[in-house]
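**Student:** One structure, as structure tokens, below. Some questions next.
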Amino acid sequence: MPPVHTGAPVIPGASTPSSPAPQPLSPGRPGYRRMSLALFAAGLATFALLYSTQALLPAISAGLGVTAGQASWTVSAATGALALFVLPLSALSERFGRTRMMTCSMVIAVGVGLLVPFAPNVEWLVALRAVQGAAIAGVPASAMAYLAEEVRPKALVAAIGLFVAGNSIGGMSGRLVTGWAAQLWGWRAGLLAVALMSLACAVAFLVLLPRARFFRPASLNPRAVGRTVAGHLRDPLLLRLYGIGALFMTVFGAVYTVIGYRLVDEPFSLGQGVIGSIFLIYLVGTVSSAAAGKLVARTGRRGALYLAVTTTALGLLLSLSDSLPVIVFGLVLITAGFFAGHAVASAAVSRTAKTGRAQASALYQSAYYLGSSAGGTLGALAYHGAGWAATVGIALLAVLGVVSITLYGSHAARVQRRVPASAMGAR
């Protein structure tokens, strides 16, 4: 009797129905929860390390005798190095695998993190932070590509939202831990504490992450990579998404690099631990990024972006107040708007790129972290020169840029819809 064909896909070489083809991960399927927890831990560790000095900038300025602009380079050097190295490391991930790249990156980043507290001066501190940022670069683009390959398309936005949520928790917990440790034992102890926390997260990542089942290694051909990158840079939609990511992060980098200086000064005069606790607001980002998928389903991608920029702009205006509760509420709105916009834009990149997803995600990450470096440096210089209002002014210009890009995208989409209709009418 001939075998009955059920239509189910069969792995080449499989001889029995007991070895079904692997299915993409999705909620409710085996492995999805482990994958979510593993990448949540990766996002937590990398963001905690990447921004470990941000809440400590006033203490670093006092401890090393440097200005706000000089101290801000301990953040900008890390994010700038990440922006420069994310593309080449994503190309290596196409050859050697997403999981291997993420593993190596996390091991090196945590190792450097254990050395950072012992930097003798600001020059060494900036140099070690740059090395750390370069190592971290292997995680974000590889994680996005891993999700795009391993997760069912309809579940992709939600999965990326959970990864971004891990980023927000990492950013919050890293700043919280460093702030209170610094208040008790000094800023070097704060940096050591966040390195140990990230070490625990790295171990959890290594234990939980399911192996990649859909990765197919590609040859490491610089010309082919160059052609792929050039193709992405010629794609108008991808370019708009890269610009949106960079501008959103300019806002976020400016606000959170400088807010510690504002709150440690008069009339607030808050302690380092209390300033670190302000970053509990990142929990709002966890919720808004995880809810990005539902928001897109309800309003569309552009509708979600308009809502994100409106929320962010309102928060910036509220932050101009001299009332601490109003400032905190403003930070809540800025954080919610930023993380929602970032989750929407990064998921759109993964869905738009049909080939070279790692490079597409890497270009987004490069733009994103260049925005962080620019925002942190410009925001600190503006604050040093003209106060918080100048920092907010830079952030509002970036928000206006996001609005302009999104409006242009809406116009381009309408034109594109009319062109096929006109062509049909001509027939």
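Numbering starts fresh at 1 for the residues of each chain in the structure tokens, the chains themselves are lettered A, B, ... in the order given, and ligands are numbered from 1 as they appear.
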So that I can see what lies close to stretch 76-93 of chain A, please list as a ChimeraX atom specification the residues with an atom at most 8 Å from it, counting only C-alpha atoms and leaving out residues fewer than 5 positions away in the same chain.
**Tutor:** /A:50,98,100-101,126-127,129-138,140-142,220,225,358-359,362-363,365-370,372-374,376-377
**Student:** Out of A:Ile281, A:Val332, A:Ala347, A:Ala41, which residue has the shortest atom-to-atom distance to A:Val296 when counting only C-alpha atoms?
**Tutor:**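 So, comparing all the options, the nearest one is A:Ala347.
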**Student:** If we count only C-alpha atoms and set the cut-off at 10 Å, which residues sit around A:Leu176, ignoring sequence neighbours fewer than 4 positions away in its own chain? Please answer as a VMD selection string.
**Tutor:** chain A and resid 48 52 55 170 to 172 180 to 182 190 194 272 to 280
**Student:** Save the residues we just selected, all heavy atoms, as a short mmCIF file (atom, residue, chain, number, x, y, z; two decimals), in the first residue's frame?
**Tutor:**
data_model
loop_
_atom_site.label_atom_id
_atom_site.label_comp_id
_atom_site.auth_asym_id
_atom_site.auth_seq_id
_atom_site.Cartn_x
_atom_site.Cartn_y
_atom_site.Cartn_z
N ALA A 48 22.02 47.06 30.26
CA ALA A 48 22.56 47.42 31.57
C ALA A 48 24.04 47.81 31.45
O ALA A 48 24.49 48.78 32.06
CB ALA A 48 22.40 46.26 32.54
N SER A 52 25.70 51.71 31.63
CA SER A 52 26.03 51.58 33.06
C SER A 52 26.57 52.86 33.68
O SER A 52 26.42 53.08 34.88
CB SER A 52 27.05 50.45 33.25
OG SER A 52 28.22 50.69 32.47
N ALA A 55 23.72 56.88 34.67
CA ALA A 55 23.17 57.40 35.93
C ALA A 55 24.25 57.90 36.87
O ALA A 55 23.97 58.61 37.84
CB ALA A 55 22.34 56.32 36.62
N GLY A 170 16.76 46.25 31.29
CA GLY A 170 18.19 46.34 31.50
C GLY A 170 18.63 47.76 31.75
O GLY A 170 19.42 48.04 32.66
N GLY A 171 18.11 48.67 30.93
CA GLY A 171 18.45 50.07 31.15
C GLY A 171 18.01 50.56 32.50
O GLY A 171 18.74 51.29 33.19
N MET A 172 16.82 50.13 32.93
CA MET A 172 16.31 50.55 34.22
C MET A 172 17.11 49.94 35.37
O MET A 172 17.60 50.65 36.26
CB MET A 172 14.84 50.15 34.37
CG MET A 172 14.23 50.46 35.72
SD MET A 172 12.86 49.36 36.11
CE MET A 172 13.71 47.82 36.43
N TRP A 180 22.20 53.15 43.47
CA TRP A 180 22.21 52.87 44.91
C TRP A 180 23.56 52.35 45.38
O TRP A 180 24.02 52.69 46.48
CB TRP A 180 21.08 51.89 45.26
CG TRP A 180 19.76 52.58 45.31
CD1 TRP A 180 18.76 52.50 44.39
CD2 TRP A 180 19.32 53.51 46.31
NE1 TRP A 180 17.71 53.31 44.76
CE2 TRP A 180 18.02 53.94 45.93
CE3 TRP A 180 19.88 54.01 47.48
CZ2 TRP A 180 17.28 54.84 46.69
CZ3 TRP A 180 19.14 54.92 48.24
CH2 TRP A 180 17.87 55.32 47.84
N ALA A 181 24.21 51.53 44.56
CA ALA A 181 25.54 51.05 44.95
C ALA A 181 26.52 52.21 45.05
O ALA A 181 27.37 52.26 45.94
CB ALA A 181 26.04 50.00 43.95
N ALA A 182 26.38 53.16 44.10
CA ALA A 182 27.27 54.32 44.12
C ALA A 182 27.02 55.20 45.34
O ALA A 182 27.96 55.73 45.95
CB ALA A 182 27.08 55.15 42.85
N GLY A 190 29.35 50.78 41.96
CA GLY A 190 28.15 50.73 41.13
C GLY A 190 28.41 50.02 39.81
O GLY A 190 27.62 49.18 39.36
N VAL A 194 26.77 46.23 38.43
CA VAL A 194 26.04 46.00 37.19
C VAL A 194 26.76 44.95 36.34
O VAL A 194 26.12 44.18 35.61
CB VAL A 194 25.82 47.32 36.42
CG1 VAL A 194 27.04 47.73 35.61
CG2 VAL A 194 24.62 47.21 35.50
N GLN A 272 22.41 60.27 44.68
CA GLN A 272 22.69 59.39 43.54
C GLN A 272 21.74 58.20 43.50
O GLN A 272 21.30 57.78 42.44
CB GLN A 272 24.13 58.90 43.62
CG GLN A 272 24.67 58.31 42.33
CD GLN A 272 24.77 59.32 41.22
OE1 GLN A 272 25.44 60.33 41.34
NE2 GLN A 272 24.09 59.05 40.12
N GLY A 273 21.40 57.66 44.66
CA GLY A 273 20.48 56.51 44.68
C GLY A 273 19.08 56.89 44.24
O GLY A 273 18.43 56.15 43.51
N VAL A 274 18.61 58.06 44.66
CA VAL A 274 17.28 58.52 44.26
C VAL A 274 17.25 58.79 42.76
O VAL A 274 16.29 58.45 42.07
CB VAL A 274 16.87 59.78 45.05
CG1 VAL A 274 15.52 60.29 44.58
CG2 VAL A 274 16.84 59.48 46.54
N ILE A 275 18.32 59.39 42.23
CA ILE A 275 18.40 59.63 40.79
C ILE A 275 18.37 58.31 40.04
O ILE A 275 17.70 58.17 39.01
CB ILE A 275 19.66 60.45 40.45
CG1 ILE A 275 19.53 61.87 41.00
CG2 ILE A 275 19.91 60.46 38.95
CD1 ILE A 275 20.79 62.70 40.88
N GLY A 276 19.09 57.31 40.56
CA GLY A 276 19.03 55.99 39.92
C GLY A 276 17.63 55.41 39.94
O GLY A 276 17.21 54.74 38.99
N SER A 277 16.89 55.68 41.01
CA SER A 277 15.53 55.17 41.11
C SER A 277 14.59 55.80 40.10
O SER A 277 13.55 55.21 39.75
CB SER A 277 14.97 55.39 42.52
OG SER A 277 15.74 54.70 43.48
N ILE A 278 14.92 57.00 39.61
CA ILE A 278 14.11 57.64 38.58
C ILE A 278 13.99 56.72 37.37
O ILE A 278 12.97 56.72 36.66
CB ILE A 278 14.75 58.99 38.16
CG1 ILE A 278 14.64 60.01 39.30
CG2 ILE A 278 14.12 59.54 36.90
CD1 ILE A 278 13.24 60.48 39.61
N PHE A 279 15.01 55.88 37.15
CA PHE A 279 15.01 55.03 35.97
C PHE A 279 14.05 53.84 36.10
O PHE A 279 13.94 53.04 35.17
CB PHE A 279 16.43 54.55 35.68
CG PHE A 279 17.33 55.67 35.22
CD1 PHE A 279 18.12 56.36 36.12
CD2 PHE A 279 17.37 56.05 33.89
CE1 PHE A 279 18.94 57.39 35.71
CE2 PHE A 279 18.18 57.09 33.46
CZ PHE A 279 18.97 57.76 34.37
N LEU A 280 13.36 53.73 37.23
CA LEU A 280 12.24 52.78 37.31
C LEU A 280 11.19 53.10 36.26
O LEU A 280 10.37 52.24 35.90
CB LEU A 280 11.62 52.80 38.71
CG LEU A 280 12.39 52.09 39.82
CD1 LEU A 280 11.83 52.45 41.18
CD2 LEU A 280 12.34 50.58 39.61
#
**Student:** Record the distance separating atom CA of A:Phe215 and atom CA of A:Thr103, expressed in Å with one decimal.
**Tutor:**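 Here the two named atoms are 15.6 Å from each other.
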